[in-house]
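Undergrad: Sharing a structure here in C-alpha cells format.
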Amino acid sequence: MKKIFILCLAFLAFVWVNPVKADLTEVSIVPPVDAAKNANWHNRRGANYFKEQDYFAALKEFKMAIALNPNSQSTAVYYNNLGKVYLVFGEIQRGRNLTRADADFTMMAESCFERAIQLDCMKFEYYKNLVRTYELLGTVASRRDFLLKNINANPFNAIIIGIIYAKEGKIIPARGILENFVIKNPDLIITNDVKKFLEILEAL
C-alpha cells in the first residue's frame, strides 16, 4: 500500500514538473457539413435505387435529400423523385384495390408534384406527373374545370389543362391552349418543352 502511495506521488510530481502541452499544429479541423451537397448525394443514390426498382430504399434516400435541403430549386427535383416513388405505390395500391384514406400513396404523390412545381415551375415533367395523379384519383375533369376557371390567376395552369385535354383525346383544344401559352411566354425555359409536346400532338 505504501509503495502504491509513493508511486502516485511520483506520478503527480512528474506531471506537475512536466505539464502536458497540446500540439495545436496537429489538431485536425473538421470541415462543416455541406447539407446541399449531401442532399444531392442522397438524391443520386435514390435515383439509382429507383432504376433498380428498390422503391423502399429510393423512398428513404429522397426523403433524406429533402430533409437536408428542404427549400431550394434543387429540392424540386427531390420532391418530383419522391412523387414518382409514391406514384408507383399508388398504381399498385389502386390496381389491387388496397386504397386507404389514411395512406393514399397517389395523394402523397400529388402533394409531392405540387410542391415540386411550387419550387421550380419550369419543368414540364412535373406537370405531366401531376396529371397522372389526377388520372389515378379520378379527378381529371374536376381539376380541368377548376383550372379553366382560374387560368388567368396562374398562366402555368394552361400547361396542365393542355396535358389534360391531350389525355382526353381533345387534341385541337390542347393545341390551342398550349400554342397560346407559347405566344404569351416565348422566353420561358419551359416553353421549349411545351413546343416539343405540341410537335407530338401535331403528329397525332
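Following the order of the C-alpha cells, chains are lettered A, B, ..., residues in each are numbered from 1, and ligands are numbered from 1.
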Would you please extract all helix (DSSP H, G or I) residues from chain A, as assigned by DSSP on the backbone, and give them as a VMD selection string?
TA: chain A and resid 2 to 17 24 to 26 35 to 51 55 to 68 73 to 95 105 to 119 124 to 137 140 to 149 157 to 167 171 to 184 189 to 202
Undergrad: For A:Gly90, which of A:Ala76, A:Leu136, A:Ala174, A:Ala58 is the closest residue, counting only C-alpha atoms?
TA: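 Residue with the minimum atom-to-atom distance to A:Gly90: A:Leu136.
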Undergrad: Please identify all polymer residues within 12 Å of A:Lys37, counting only C-alpha atoms, omitting same-chain residues fewer than 6 positions from it, and present them as an NGL selection string.
TA: :A and (43-44 or 65-66 or 68-69 or 74-75)
Undergrad: Need to verify the contact set: A:Leu119, 10 Å, only C-alpha atoms, exclusion of same-chain residues closer than 5 positions in sequence. Can you return it as a PyMOL selection string?
TA: chain A and resi 71-77+79+113-114
Undergrad: Given the selection you just returned, output its residues as a file containing N, CA, C and O atoms, formatted as an mmCIF file, in the first residue's frame.
TA:
```cif
data_model
loop_
_atom_site.group_PDB
_atom_site.id
_atom_site.type_symbol
_atom_site.label_atom_id
_atom_site.label_comp_id
_atom_site.auth_asym_id
_atom_site.auth_seq_id
_atom_site.Cartn_x
_atom_site.Cartn_y
_atom_site.Cartn_z
ATOM 1 N N ASN A 71 -35.761 23.515 -49.042
ATOM 2 C CA ASN A 71 -36.449 24.655 -49.664
ATOM 3 C C ASN A 71 -35.569 25.388 -50.669
ATOM 4 O O ASN A 71 -35.203 26.538 -50.461
ATOM 5 N N SER A 72 -35.250 24.706 -51.755
ATOM 6 C CA SER A 72 -34.467 25.345 -52.815
ATOM 7 C C SER A 72 -34.948 24.824 -54.163
ATOM 8 O O SER A 72 -35.788 23.912 -54.224
ATOM 9 N N GLN A 73 -34.416 25.364 -55.223
ATOM 10 C CA GLN A 73 -34.800 24.900 -56.551
ATOM 11 C C GLN A 73 -34.404 23.438 -56.750
ATOM 12 O O GLN A 73 -35.138 22.675 -57.380
ATOM 13 N N SER A 74 -33.267 23.044 -56.178
ATOM 14 C CA SER A 74 -32.833 21.646 -56.266
ATOM 15 C C SER A 74 -33.815 20.715 -55.572
ATOM 16 O O SER A 74 -33.997 19.563 -55.989
ATOM 17 N N THR A 75 -34.452 21.207 -54.513
ATOM 18 C CA THR A 75 -35.396 20.385 -53.759
ATOM 19 C C THR A 75 -36.572 19.962 -54.621
ATOM 20 O O THR A 75 -37.199 18.931 -54.372
ATOM 21 N N ALA A 76 -36.884 20.753 -55.646
ATOM 22 C CA ALA A 76 -37.971 20.392 -56.557
ATOM 23 C C ALA A 76 -37.702 19.034 -57.203
ATOM 24 O O ALA A 76 -38.611 18.214 -57.363
ATOM 25 N N VAL A 77 -36.452 18.788 -57.561
ATOM 26 C CA VAL A 77 -36.063 17.502 -58.149
ATOM 27 C C VAL A 77 -36.317 16.373 -57.153
ATOM 28 O O VAL A 77 -36.835 15.308 -57.510
ATOM 29 N N TYR A 79 -38.433 16.336 -54.623
ATOM 30 C CA TYR A 79 -39.876 16.124 -54.453
ATOM 31 C C TYR A 79 -40.462 15.376 -55.652
ATOM 32 O O TYR A 79 -41.320 14.501 -55.493
ATOM 33 N N PHE A 113 -45.680 16.413 -56.291
ATOM 34 C CA PHE A 113 -45.563 17.087 -57.587
ATOM 35 C C PHE A 113 -45.998 18.552 -57.491
ATOM 36 O O PHE A 113 -45.393 19.427 -58.127
ATOM 37 N N GLU A 114 -47.018 18.815 -56.698
ATOM 38 C CA GLU A 114 -47.431 20.211 -56.485
ATOM 39 C C GLU A 114 -46.316 21.003 -55.812
ATOM 40 O O GLU A 114 -46.054 22.157 -56.192
#
```
Undergrad: Looking at A:Ser111, A:Asn80, A:Thr191, A:Asn150, which one is nearest to A:Leu59, with distances taken over only C-alpha atoms?
TA: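 The closest residue to A:Leu59 is A:Asn80.
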Undergrad: Name the residues in contact with A:Asn48 at a cut-off of 12 Å, using only C-alpha atoms, excluding same-chain residues fewer than 4 positions from it; report them as an MDAnalysis selection string.
TA: chainID A and resid 41:44 52:55 57:59 61:62 81
Undergrad: Pick out the closest residue to A:Phe105 from this set: A:Met122, A:Ile117, A:Lys149, A:Leu87. Count only C-alpha atoms.
TA: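 Among A:Met122, A:Ile117, A:Lys149, A:Leu87, it is A:Leu87 that comes nearest to A:Phe105.
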